[in-house]
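Below is one structure, written out as structure tokens, with a few remarks after it.
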Amino acid sequence: MIAVVHHPNYVTEAPARSTYRWGKNGAIRDLLRAEGEAIAWHEPAPAPRPWVEAAHDPDYVAEVLEARVPREKERRIGFPVTATVARRAQLVPAGTYLAAQLALRHGFAANTAGGSHHALAATGAGYCVFNDLAIAAVQLAAEGKRVLIVDVDVHQGDGTAALTAGHPDIATYSMHAEKNFPARKARSTLDVPLADGTDDSAYLAALGATLPALIDQFAPDLILYQGGVDPYAGDRLGRLSLTDNGLAQRDLLVAKHALARGLPLASTVGGGYGDDVLAIARRHVDVILRLGRAYLTRRQDAAPSFASPRTGA
Ligand SMILES: [Zn+2]
């Protein structure tokens with residue numbers, strides 16, 4: 001079975017004045033439900049406030065949790081932070097953390113939301129309220145884990161890089177379209193900027209030429225994977241030219257390098273934009289299923305233990 005983290009409150013009505021398509025999480029849930037017994041469902045509790053404050057400015061955390069985010073920040077985020085949105089924002093980072101814990105136990109787990117990589121210390125941005133990747137990584141690092149965040153969303157993981165910069169036990173990898181949002185890039189541990197229109201073969205060559213060395217150099221205990229599907233050629237906000245097969249090869253290449261080193265991997269969703277919400281949800285679910293199956297196949301082949309020696313669990 002594939003461990004999947006989901007919470008009913010991930011699925012919310014679109015707040016007024018929202019430029020974000022909110023139907024995606026419900027469609028992801030439904031597509032995974034259709035997989036029946038193949039999925040083992042897990043539900044997170046809201047993230048403890050100190051976890052969120054370990055990554056974000058406490059004043060901004062208060063603004064979100066009390067649903068009084070200034071309009072200027074809401075404009076940067078792309079939607080108003082209502083009480084419903086705030087509740088969701090506190091759940092999603094806990095979901096990414098729970099997926100990481102499940103991955104440490106089983107090899108792989110997925111959060112059906114998250115990948116909110118643009119959220120910065122004192123404000124959200126680009127449809128991201130709290131940065132679940134940074135919050136989860138900082139908490140995991142506090143528990144003694146070394147975390148590599150691999151972000152292959154078409155947009156740079158600027159918030160994640162900024163929130164974890166200088167942390168000795170967190171490294172960030174971002175492969176993205178150089179000319180895409182955000183205009184001002186942060187510095188990840190390793191950035192791989194790509195030219196507009198990059199296709200499958202050039203993309204996969206760049207990934208294969210850069211990621212393995214970083215994994216070996218940093219020697220993480222686990223990988224958090226932001227598997228945005230917006231590098232897809234038809235994406236409204238992407239600038240790259242990947243096919244569905246290219247996305248599949250991307251995920252499998254990351255899984256191959258993680259599995260070869262016995263590394264657990266927890267995935268989040270991420271970007272994916274366009275009018276056909278169901279098609280985008282399908283791509284997110286395909287990421288989860290192909291990673292989950294890659295780990296299941298490997299476990300049956302070799303039965304490696306994914307429990308870290310440091311946890312003893
Ligand atoms: Zn994106």
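A note on labels: chains of the structure tokens are A, B, ... as shown, every chain counts residues from 1, and ligands are counted from 1 in their shown order.
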Write out as JSON lines the residues of chain A that have any atom within 12 Å of an atom of ligand 1, one row each with the nearest atom pair and its distance in Å to one decimal, counting only C-alpha atoms and all ligand atoms, sorted by chain and then rising number.
```
{"residue": "A:Gly114", "atom": "CA", "partner": "ligand 1", "partner_atom_place_in_ligand_line": "1 (Zn)", "distance": 11.6}
{"residue": "A:Gly115", "atom": "CA", "partner": "ligand 1", "partner_atom_place_in_ligand_line": "1 (Zn)", "distance": 8.9}
{"residue": "A:Ser116", "atom": "CA", "partner": "ligand 1", "partner_atom_place_in_ligand_line": "1 (Zn)", "distance": 9.0}
{"residue": "A:His117", "atom": "CA", "partner": "ligand 1", "partner_atom_place_in_ligand_line": "1 (Zn)", "distance": 8.5}
{"residue": "A:His118", "atom": "CA", "partner": "ligand 1", "partner_atom_place_in_ligand_line": "1 (Zn)", "distance": 8.9}
{"residue": "A:Ala125", "atom": "CA", "partner": "ligand 1", "partner_atom_place_in_ligand_line": "1 (Zn)", "distance": 11.6}
{"residue": "A:Gly126", "atom": "CA", "partner": "ligand 1", "partner_atom_place_in_ligand_line": "1 (Zn)", "distance": 8.5}
{"residue": "A:Tyr127", "atom": "CA", "partner": "ligand 1", "partner_atom_place_in_ligand_line": "1 (Zn)", "distance": 9.4}
{"residue": "A:Cys128", "atom": "CA", "partner": "ligand 1", "partner_atom_place_in_ligand_line": "1 (Zn)", "distance": 10.4}
{"residue": "A:Asp151", "atom": "CA", "partner": "ligand 1", "partner_atom_place_in_ligand_line": "1 (Zn)", "distance": 9.6}
{"residue": "A:Val152", "atom": "CA", "partner": "ligand 1", "partner_atom_place_in_ligand_line": "1 (Zn)", "distance": 8.7}
{"residue": "A:Asp153", "atom": "CA", "partner": "ligand 1", "partner_atom_place_in_ligand_line": "1 (Zn)", "distance": 4.9}
{"residue": "A:Val154", "atom": "CA", "partner": "ligand 1", "partner_atom_place_in_ligand_line": "1 (Zn)", "distance": 5.0}
{"residue": "A:His155", "atom": "CA", "partner": "ligand 1", "partner_atom_place_in_ligand_line": "1 (Zn)", "distance": 4.4}
{"residue": "A:Gln156", "atom": "CA", "partner": "ligand 1", "partner_atom_place_in_ligand_line": "1 (Zn)", "distance": 7.5}
{"residue": "A:Gly157", "atom": "CA", "partner": "ligand 1", "partner_atom_place_in_ligand_line": "1 (Zn)", "distance": 8.5}
{"residue": "A:Asp158", "atom": "CA", "partner": "ligand 1", "partner_atom_place_in_ligand_line": "1 (Zn)", "distance": 10.9}
{"residue": "A:Ser174", "atom": "CA", "partner": "ligand 1", "partner_atom_place_in_ligand_line": "1 (Zn)", "distance": 11.2}
{"residue": "A:Met175", "atom": "CA", "partner": "ligand 1", "partner_atom_place_in_ligand_line": "1 (Zn)", "distance": 10.9}
{"residue": "A:His176", "atom": "CA", "partner": "ligand 1", "partner_atom_place_in_ligand_line": "1 (Zn)", "distance": 8.6}
{"residue": "A:Ala177", "atom": "CA", "partner": "ligand 1", "partner_atom_place_in_ligand_line": "1 (Zn)", "distance": 9.6}
{"residue": "A:Asn180", "atom": "CA", "partner": "ligand 1", "partner_atom_place_in_ligand_line": "1 (Zn)", "distance": 9.0}
{"residue": "A:Phe181", "atom": "CA", "partner": "ligand 1", "partner_atom_place_in_ligand_line": "1 (Zn)", "distance": 8.2}
{"residue": "A:Pro182", "atom": "CA", "partner": "ligand 1", "partner_atom_place_in_ligand_line": "1 (Zn)", "distance": 9.7}
{"residue": "A:Gln226", "atom": "CA", "partner": "ligand 1", "partner_atom_place_in_ligand_line": "1 (Zn)", "distance": 9.6}
{"residue": "A:Gly227", "atom": "CA", "partner": "ligand 1", "partner_atom_place_in_ligand_line": "1 (Zn)", "distance": 9.4}
{"residue": "A:Gly228", "atom": "CA", "partner": "ligand 1", "partner_atom_place_in_ligand_line": "1 (Zn)", "distance": 6.1}
{"residue": "A:Val229", "atom": "CA", "partner": "ligand 1", "partner_atom_place_in_ligand_line": "1 (Zn)", "distance": 7.7}
{"residue": "A:Asp230", "atom": "CA", "partner": "ligand 1", "partner_atom_place_in_ligand_line": "1 (Zn)", "distance": 5.7}
{"residue": "A:Pro231", "atom": "CA", "partner": "ligand 1", "partner_atom_place_in_ligand_line": "1 (Zn)", "distance": 7.9}
{"residue": "A:Tyr232", "atom": "CA", "partner": "ligand 1", "partner_atom_place_in_ligand_line": "1 (Zn)", "distance": 10.5}
{"residue": "A:Asp235", "atom": "CA", "partner": "ligand 1", "partner_atom_place_in_ligand_line": "1 (Zn)", "distance": 9.7}
{"residue": "A:Arg236", "atom": "CA", "partner": "ligand 1", "partner_atom_place_in_ligand_line": "1 (Zn)", "distance": 10.3}
{"residue": "A:Leu237", "atom": "CA", "partner": "ligand 1", "partner_atom_place_in_ligand_line": "1 (Zn)", "distance": 7.4}
{"residue": "A:Gly238", "atom": "CA", "partner": "ligand 1", "partner_atom_place_in_ligand_line": "1 (Zn)", "distance": 7.3}
{"residue": "A:Arg239", "atom": "CA", "partner": "ligand 1", "partner_atom_place_in_ligand_line": "1 (Zn)", "distance": 10.3}
{"residue": "A:Leu240", "atom": "CA", "partner": "ligand 1", "partner_atom_place_in_ligand_line": "1 (Zn)", "distance": 11.3}
{"residue": "A:Val269", "atom": "CA", "partner": "ligand 1", "partner_atom_place_in_ligand_line": "1 (Zn)", "distance": 9.8}
{"residue": "A:Gly270", "atom": "CA", "partner": "ligand 1", "partner_atom_place_in_ligand_line": "1 (Zn)", "distance": 6.2}
{"residue": "A:Gly271", "atom": "CA", "partner": "ligand 1", "partner_atom_place_in_ligand_line": "1 (Zn)", "distance": 3.8}
{"residue": "A:Gly272", "atom": "CA", "partner": "ligand 1", "partner_atom_place_in_ligand_line": "1 (Zn)", "distance": 6.6}
{"residue": "A:Tyr273", "atom": "CA", "partner": "ligand 1", "partner_atom_place_in_ligand_line": "1 (Zn)", "distance": 8.3}
{"residue": "A:Gly274", "atom": "CA", "partner": "ligand 1", "partner_atom_place_in_ligand_line": "1 (Zn)", "distance": 11.9}
```
Output N, CA and C atoms for every residue in the selection just made, as a short mmCIF file (atom, residue, chain, number, x, y, z; two decimals), in the first residue's frame.
```cif
data_model
loop_
_atom_site.label_atom_id
_atom_site.label_comp_id
_atom_site.auth_asym_id
_atom_site.auth_seq_id
_atom_site.Cartn_x
_atom_site.Cartn_y
_atom_site.Cartn_z
N GLY A 114 0.41 20.80 -0.20
CA GLY A 114 1.74 21.27 0.14
C GLY A 114 2.61 21.58 -1.06
N GLY A 115 3.89 21.73 -0.77
CA GLY A 115 4.81 22.23 -1.80
C GLY A 115 4.74 23.75 -1.91
N SER A 116 4.39 24.39 -0.78
CA SER A 116 4.14 25.84 -0.77
C SER A 116 5.45 26.60 -0.66
N HIS A 117 6.22 26.51 -1.71
CA HIS A 117 7.64 26.89 -1.66
C HIS A 117 7.92 28.38 -1.82
N HIS A 118 6.89 29.19 -2.10
CA HIS A 118 7.13 30.63 -2.24
C HIS A 118 6.93 31.41 -0.94
N ALA A 125 3.28 34.20 -0.51
CA ALA A 125 3.44 34.68 -1.88
C ALA A 125 3.07 33.56 -2.84
N GLY A 126 2.69 33.94 -4.05
CA GLY A 126 2.49 32.94 -5.11
C GLY A 126 1.62 31.75 -4.72
N TYR A 127 0.45 32.01 -4.14
CA TYR A 127 -0.51 30.98 -3.72
C TYR A 127 -0.03 30.15 -2.53
N CYS A 128 0.98 30.63 -1.82
CA CYS A 128 1.52 29.91 -0.66
C CYS A 128 1.35 30.76 0.59
N ASP A 151 13.24 20.21 -5.27
CA ASP A 151 12.10 20.98 -5.78
C ASP A 151 12.20 21.06 -7.30
N VAL A 152 11.31 20.33 -7.97
CA VAL A 152 11.35 20.32 -9.43
C VAL A 152 10.12 21.01 -10.03
N ASP A 153 9.43 21.78 -9.21
CA ASP A 153 8.37 22.66 -9.71
C ASP A 153 9.02 23.62 -10.73
N VAL A 154 8.23 24.10 -11.68
CA VAL A 154 8.81 24.95 -12.72
C VAL A 154 9.27 26.31 -12.18
N HIS A 155 8.73 26.67 -10.99
CA HIS A 155 9.13 27.93 -10.35
C HIS A 155 10.19 27.67 -9.28
N GLN A 156 11.08 28.63 -9.10
CA GLN A 156 12.13 28.41 -8.10
C GLN A 156 11.56 28.30 -6.69
N GLY A 157 12.14 27.44 -5.87
CA GLY A 157 11.74 27.32 -4.47
C GLY A 157 12.38 28.40 -3.64
N ASP A 158 12.01 29.64 -3.94
CA ASP A 158 12.70 30.79 -3.31
C ASP A 158 12.44 30.88 -1.81
N SER A 174 16.82 23.24 -6.41
CA SER A 174 15.69 23.75 -7.19
C SER A 174 16.06 23.74 -8.67
N MET A 175 15.27 23.01 -9.46
CA MET A 175 15.42 23.05 -10.91
C MET A 175 14.17 23.73 -11.46
N HIS A 176 14.36 24.82 -12.20
CA HIS A 176 13.22 25.67 -12.56
C HIS A 176 13.49 26.44 -13.85
N ALA A 177 12.42 27.02 -14.39
CA ALA A 177 12.56 27.88 -15.57
C ALA A 177 13.12 29.22 -15.11
N ASN A 180 11.00 32.43 -15.20
CA ASN A 180 9.68 32.38 -14.60
C ASN A 180 9.68 33.06 -13.22
N PHE A 181 8.47 33.21 -12.66
CA PHE A 181 8.28 33.70 -11.29
C PHE A 181 9.11 32.84 -10.33
N PRO A 182 9.70 33.35 -9.28
CA PRO A 182 9.76 34.76 -8.90
C PRO A 182 10.86 35.50 -9.67
N GLN A 226 9.29 18.18 -3.81
CA GLN A 226 8.23 19.06 -4.31
C GLN A 226 8.06 18.71 -5.78
N GLY A 227 7.08 17.87 -6.08
CA GLY A 227 6.91 17.36 -7.44
C GLY A 227 5.85 18.12 -8.22
N GLY A 228 5.99 19.44 -8.30
CA GLY A 228 5.05 20.24 -9.08
C GLY A 228 4.96 19.71 -10.51
N VAL A 229 3.78 19.82 -11.10
CA VAL A 229 3.60 19.31 -12.46
C VAL A 229 3.55 20.45 -13.48
N ASP A 230 3.95 21.64 -13.05
CA ASP A 230 3.91 22.78 -13.98
C ASP A 230 5.07 22.88 -14.98
N PRO A 231 6.09 21.98 -14.93
CA PRO A 231 7.02 21.96 -16.08
C PRO A 231 6.36 21.38 -17.35
N TYR A 232 5.13 20.87 -17.20
CA TYR A 232 4.39 20.30 -18.34
C TYR A 232 4.20 21.37 -19.44
N ASP A 235 1.17 23.74 -19.42
CA ASP A 235 0.83 24.47 -18.20
C ASP A 235 0.72 25.96 -18.48
N ARG A 236 -0.29 26.59 -17.84
CA ARG A 236 -0.52 28.00 -18.12
C ARG A 236 0.58 28.89 -17.55
N LEU A 237 1.20 28.47 -16.46
CA LEU A 237 2.24 29.29 -15.83
C LEU A 237 3.64 28.72 -15.97
N GLY A 238 3.76 27.64 -16.73
CA GLY A 238 5.09 27.06 -16.94
C GLY A 238 5.71 27.68 -18.18
N ARG A 239 7.00 27.48 -18.36
CA ARG A 239 7.65 27.96 -19.59
C ARG A 239 8.49 26.85 -20.20
N LEU A 240 8.32 25.64 -19.67
CA LEU A 240 9.09 24.51 -20.18
C LEU A 240 8.21 23.65 -21.08
N VAL A 269 2.58 17.91 -3.36
CA VAL A 269 2.19 18.37 -4.69
C VAL A 269 2.96 19.67 -4.94
N GLY A 270 2.37 20.62 -5.59
CA GLY A 270 3.06 21.84 -5.97
C GLY A 270 2.25 22.45 -7.10
N GLY A 271 2.93 23.16 -7.99
CA GLY A 271 2.22 23.87 -9.04
C GLY A 271 1.66 22.96 -10.12
N GLY A 272 0.63 23.48 -10.78
CA GLY A 272 -0.04 22.81 -11.89
C GLY A 272 -1.23 23.68 -12.22
N TYR A 273 -1.19 24.36 -13.38
CA TYR A 273 -2.16 25.42 -13.64
C TYR A 273 -2.79 25.30 -15.02
N GLY A 274 -4.10 25.55 -15.05
CA GLY A 274 -4.82 25.52 -16.31
C GLY A 274 -6.30 25.33 -16.03
#
```
Taking the DSSP secondary structure from the backbone, can you list the residues of segment 63-226 of chain A that are strand (DSSP E), as an MDAnalysis selection string?
chainID A and resid 108:111 147:151 170:177 190:194 222:226
Would you save the residues of that selection, restricted to N, CA and C atoms, as a PDB file, in the first residue's frame?
```
ATOM      1  N   PHE A 108       8.324   5.438   1.352  1.00  0.00           N
ATOM      2  CA  PHE A 108       7.698   6.541   0.619  1.00  0.00           C
ATOM      3  C   PHE A 108       6.350   6.886   1.229  1.00  0.00           C
ATOM      4  N   ALA A 109       6.019   8.166   1.222  1.00  0.00           N
ATOM      5  CA  ALA A 109       4.670   8.628   1.553  1.00  0.00           C
ATOM      6  C   ALA A 109       4.448   9.951   0.846  1.00  0.00           C
ATOM      7  N   ALA A 110       3.176  10.274   0.612  1.00  0.00           N
ATOM      8  CA  ALA A 110       2.830  11.498  -0.112  1.00  0.00           C
ATOM      9  C   ALA A 110       1.861  12.340   0.695  1.00  0.00           C
ATOM     10  N   ASN A 111       2.054  13.648   0.667  1.00  0.00           N
ATOM     11  CA  ASN A 111       1.041  14.581   1.149  1.00  0.00           C
ATOM     12  C   ASN A 111       0.231  15.014  -0.073  1.00  0.00           C
ATOM     13  N   VAL A 147      17.953  16.772   6.034  1.00  0.00           N
ATOM     14  CA  VAL A 147      16.868  16.803   5.061  1.00  0.00           C
ATOM     15  C   VAL A 147      17.323  17.489   3.775  1.00  0.00           C
ATOM     16  N   LEU A 148      17.140  16.804   2.657  1.00  0.00           N
ATOM     17  CA  LEU A 148      17.363  17.417   1.350  1.00  0.00           C
ATOM     18  C   LEU A 148      16.005  17.675   0.705  1.00  0.00           C
ATOM     19  N   ILE A 149      15.745  18.939   0.367  1.00  0.00           N
ATOM     20  CA  ILE A 149      14.498  19.299  -0.302  1.00  0.00           C
ATOM     21  C   ILE A 149      14.785  19.388  -1.796  1.00  0.00           C
ATOM     22  N   VAL A 150      14.159  18.498  -2.556  1.00  0.00           N
ATOM     23  CA  VAL A 150      14.336  18.468  -4.006  1.00  0.00           C
ATOM     24  C   VAL A 150      13.076  19.062  -4.630  1.00  0.00           C
ATOM     25  N   ASP A 151      13.239  20.209  -5.273  1.00  0.00           N
ATOM     26  CA  ASP A 151      12.100  20.977  -5.777  1.00  0.00           C
ATOM     27  C   ASP A 151      12.202  21.056  -7.301  1.00  0.00           C
ATOM     28  N   ILE A 170      19.934  21.116   6.559  1.00  0.00           N
ATOM     29  CA  ILE A 170      18.941  21.215   5.481  1.00  0.00           C
ATOM     30  C   ILE A 170      19.634  21.712   4.221  1.00  0.00           C
ATOM     31  N   ALA A 171      19.414  21.018   3.119  1.00  0.00           N
ATOM     32  CA  ALA A 171      19.923  21.474   1.823  1.00  0.00           C
ATOM     33  C   ALA A 171      18.753  21.582   0.854  1.00  0.00           C
ATOM     34  N   THR A 172      18.868  22.511  -0.090  1.00  0.00           N
ATOM     35  CA  THR A 172      17.779  22.727  -1.047  1.00  0.00           C
ATOM     36  C   THR A 172      18.301  22.623  -2.481  1.00  0.00           C
ATOM     37  N   TYR A 173      17.509  21.944  -3.288  1.00  0.00           N
ATOM     38  CA  TYR A 173      17.811  21.794  -4.721  1.00  0.00           C
ATOM     39  C   TYR A 173      16.595  22.317  -5.478  1.00  0.00           C
ATOM     40  N   SER A 174      16.822  23.235  -6.408  1.00  0.00           N
ATOM     41  CA  SER A 174      15.694  23.749  -7.192  1.00  0.00           C
ATOM     42  C   SER A 174      16.056  23.744  -8.670  1.00  0.00           C
ATOM     43  N   MET A 175      15.271  23.009  -9.456  1.00  0.00           N
ATOM     44  CA  MET A 175      15.417  23.053 -10.908  1.00  0.00           C
ATOM     45  C   MET A 175      14.170  23.731 -11.457  1.00  0.00           C
ATOM     46  N   HIS A 176      14.355  24.823 -12.204  1.00  0.00           N
ATOM     47  CA  HIS A 176      13.222  25.666 -12.560  1.00  0.00           C
ATOM     48  C   HIS A 176      13.490  26.436 -13.849  1.00  0.00           C
ATOM     49  N   ALA A 177      12.424  27.018 -14.392  1.00  0.00           N
ATOM     50  CA  ALA A 177      12.564  27.884 -15.568  1.00  0.00           C
ATOM     51  C   ALA A 177      13.116  29.219 -15.106  1.00  0.00           C
ATOM     52  N   LEU A 190      21.679  24.303  -4.275  1.00  0.00           N
ATOM     53  CA  LEU A 190      22.000  24.116  -5.688  1.00  0.00           C
ATOM     54  C   LEU A 190      20.799  24.517  -6.541  1.00  0.00           C
ATOM     55  N   ASP A 191      21.006  25.516  -7.387  1.00  0.00           N
ATOM     56  CA  ASP A 191      19.980  25.938  -8.337  1.00  0.00           C
ATOM     57  C   ASP A 191      20.356  25.453  -9.732  1.00  0.00           C
ATOM     58  N   VAL A 192      19.343  24.948 -10.443  1.00  0.00           N
ATOM     59  CA  VAL A 192      19.561  24.535 -11.827  1.00  0.00           C
ATOM     60  C   VAL A 192      18.545  25.281 -12.696  1.00  0.00           C
ATOM     61  N   PRO A 193      18.913  26.491 -13.146  1.00  0.00           N
ATOM     62  CA  PRO A 193      17.982  27.276 -13.964  1.00  0.00           C
ATOM     63  C   PRO A 193      17.966  26.757 -15.396  1.00  0.00           C
ATOM     64  N   LEU A 194      16.759  26.692 -15.964  1.00  0.00           N
ATOM     65  CA  LEU A 194      16.608  26.158 -17.320  1.00  0.00           C
ATOM     66  C   LEU A 194      16.054  27.238 -18.254  1.00  0.00           C
ATOM     67  N   LEU A 222      16.747  11.829   4.567  1.00  0.00           N
ATOM     68  CA  LEU A 222      15.557  11.677   3.725  1.00  0.00           C
ATOM     69  C   LEU A 222      15.440  12.844   2.757  1.00  0.00           C
ATOM     70  N   ILE A 223      14.592  12.632   1.759  1.00  0.00           N
ATOM     71  CA  ILE A 223      14.328  13.658   0.750  1.00  0.00           C
ATOM     72  C   ILE A 223      12.878  14.104   0.865  1.00  0.00           C
ATOM     73  N   LEU A 224      12.681  15.423   0.903  1.00  0.00           N
ATOM     74  CA  LEU A 224      11.336  15.985   0.709  1.00  0.00           C
ATOM     75  C   LEU A 224      11.269  16.407  -0.755  1.00  0.00           C
ATOM     76  N   TYR A 225      10.252  15.922  -1.456  1.00  0.00           N
ATOM     77  CA  TYR A 225      10.178  16.119  -2.908  1.00  0.00           C
ATOM     78  C   TYR A 225       8.997  17.010  -3.266  1.00  0.00           C
ATOM     79  N   GLN A 226       9.292  18.183  -3.812  1.00  0.00           N
ATOM     80  CA  GLN A 226       8.228  19.059  -4.308  1.00  0.00           C
ATOM     81  C   GLN A 226       8.062  18.714  -5.784  1.00  0.00           C
TER      82      GLN A 226
END
```
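The shortest atom-to-atom distance to Ser241 of chain A, with only C-alpha atoms taken into account, belongs to A:Ala202 out of A:Ala202, A:Ala258, A:Ala161, A:Ala279.
Taking atom CA of Gln249 of chain A and atom CA of Pro264 of chain A as endpoints, the distance between them is 18.7 Å.
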Long-range neighbours of Ala205 of chain A as a short mmCIF file (atom, residue, chain, number, x, y, z; two decimals) with N, CA and C atoms, in the first residue's frame, 10 Å cut-off, only C-alpha atoms, 5 positions minimum in chain:
```cif
data_model
loop_
_atom_site.label_atom_id
_atom_site.label_comp_id
_atom_site.auth_asym_id
_atom_site.auth_seq_id
_atom_site.Cartn_x
_atom_site.Cartn_y
_atom_site.Cartn_z
N ASP A 200 12.04 17.34 -22.78
CA ASP A 200 12.28 16.17 -21.92
C ASP A 200 13.75 15.81 -21.82
N THR A 210 23.13 16.81 -12.11
CA THR A 210 23.30 17.68 -10.95
C THR A 210 22.84 17.06 -9.63
N ARG A 250 11.19 12.11 -14.97
CA ARG A 250 11.74 12.97 -13.93
C ARG A 250 11.58 12.33 -12.55
#
```
Using only C-alpha atoms, which residue out of A:Leu263, A:Val277, A:Leu163, A:Ala255 lies closest to Leu291 of chain A?
A:Ala255
Mind the document's chain letters and residue numbers, and return as a ChimeraX atom specification the residues of segment 12-248 of chain A that DSSP labels alpha helix (DSSP H).
/A:24-33,49-55,58-65,71-77,83-106,132-142,158-164,200-218,244-248
Write a file of the just-selected residues containing C-alpha atoms, as a short mmCIF file (atom, residue, chain, number, x, y, z; two decimals), in the first residue's frame.
```
data_model
loop_
_atom_site.label_atom_id
_atom_site.label_comp_id
_atom_site.auth_asym_id
_atom_site.auth_seq_id
_atom_site.Cartn_x
_atom_site.Cartn_y
_atom_site.Cartn_z
CA LYS A 24 -7.54 20.57 -7.30
CA ASN A 25 -7.30 19.00 -3.83
CA GLY A 26 -10.76 17.49 -4.01
CA ALA A 27 -9.99 16.00 -7.42
CA ILE A 28 -6.68 14.57 -6.14
CA ARG A 29 -8.53 12.96 -3.23
CA ASP A 30 -11.16 11.46 -5.52
CA LEU A 31 -8.62 10.05 -7.96
CA LEU A 32 -6.68 8.45 -5.11
CA ARG A 33 -9.89 7.06 -3.58
CA ARG A 49 2.33 26.81 16.49
CA PRO A 50 6.00 26.67 17.61
CA TRP A 51 6.81 24.56 14.53
CA VAL A 52 5.37 27.23 12.28
CA GLU A 53 7.14 29.96 14.23
CA ALA A 54 10.45 28.11 13.87
CA ALA A 55 10.30 28.85 10.13
CA PRO A 58 5.78 34.99 14.71
CA ASP A 59 3.96 38.23 13.79
CA TYR A 60 3.07 36.81 10.38
CA VAL A 61 2.02 33.52 11.98
CA ALA A 62 -0.35 35.48 14.23
CA GLU A 63 -1.74 37.41 11.24
CA VAL A 64 -2.56 34.14 9.46
CA LEU A 65 -3.95 32.21 12.43
CA ARG A 71 -4.36 43.23 2.06
CA GLU A 72 -0.92 43.88 0.61
CA LYS A 73 0.25 40.44 1.71
CA GLU A 74 -3.01 38.84 0.55
CA ARG A 75 -2.40 40.31 -2.88
CA ARG A 76 1.04 38.72 -2.90
CA ILE A 77 -0.47 35.40 -1.85
CA ALA A 83 -10.39 31.45 8.88
CA THR A 84 -10.88 28.44 6.58
CA VAL A 85 -7.71 29.19 4.65
CA ALA A 86 -5.83 29.70 7.92
CA ARG A 87 -6.99 26.34 9.27
CA ARG A 88 -5.83 24.67 6.08
CA ALA A 89 -2.49 26.49 6.23
CA GLN A 90 -1.86 25.03 9.68
CA LEU A 91 -2.76 21.50 8.58
CA VAL A 92 -0.69 21.21 5.40
CA PRO A 93 2.79 21.58 7.01
CA ALA A 94 1.83 18.93 9.55
CA GLY A 95 0.82 16.75 6.62
CA THR A 96 4.21 17.16 4.99
CA TYR A 97 5.88 16.36 8.32
CA LEU A 98 3.65 13.28 8.75
CA ALA A 99 4.49 12.14 5.22
CA ALA A 100 8.18 12.42 6.13
CA GLN A 101 7.66 10.30 9.24
CA LEU A 102 5.76 7.70 7.23
CA ALA A 103 8.49 7.72 4.59
CA LEU A 104 11.12 7.08 7.28
CA ARG A 105 9.09 4.03 8.27
CA HIS A 106 7.88 2.73 4.89
CA ASP A 132 5.23 23.43 4.59
CA LEU A 133 8.56 22.21 3.19
CA ALA A 134 10.60 24.56 5.36
CA ILE A 135 8.43 24.00 8.45
CA ALA A 136 8.66 20.22 8.13
CA ALA A 137 12.40 20.30 7.36
CA VAL A 138 13.22 22.56 10.31
CA GLN A 139 11.22 20.30 12.65
CA LEU A 140 12.82 17.14 11.24
CA ALA A 141 16.25 18.73 11.62
CA ALA A 142 15.42 19.56 15.24
CA ASP A 158 12.70 30.79 -3.31
CA GLY A 159 10.86 30.76 0.01
CA THR A 160 12.20 27.36 0.97
CA ALA A 161 15.75 28.42 0.14
CA ALA A 162 15.40 31.66 2.11
CA LEU A 163 13.82 30.04 5.17
CA THR A 164 16.40 27.27 5.43
CA ASP A 200 12.28 16.17 -21.92
CA SER A 201 15.76 15.10 -22.94
CA ALA A 202 17.52 18.34 -21.96
CA TYR A 203 15.57 18.46 -18.70
CA LEU A 204 16.40 14.89 -17.73
CA ALA A 205 20.04 15.37 -18.68
CA ALA A 206 20.27 18.44 -16.42
CA LEU A 207 18.60 16.61 -13.54
CA GLY A 208 20.82 13.55 -13.90
CA ALA A 209 23.94 15.70 -14.13
CA THR A 210 23.30 17.68 -10.95
CA LEU A 211 21.14 15.89 -8.38
CA PRO A 212 23.17 12.71 -7.65
CA ALA A 213 26.30 14.64 -6.67
CA LEU A 214 24.32 16.83 -4.27
CA ILE A 215 22.75 13.78 -2.65
CA ASP A 216 26.17 12.20 -2.19
CA GLN A 217 27.78 15.40 -0.96
CA PHE A 218 25.06 16.30 1.56
CA ASP A 244 3.67 13.51 -19.55
CA ASN A 245 6.36 10.93 -20.20
CA GLY A 246 9.01 13.51 -19.36
CA LEU A 247 7.34 14.18 -15.99
CA ALA A 248 7.23 10.44 -15.35
#
```
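Taking atom CA of Pro8 of chain A and atom CA of Glu143 of chain A as endpoints, the distance between them is 27.8 Å.
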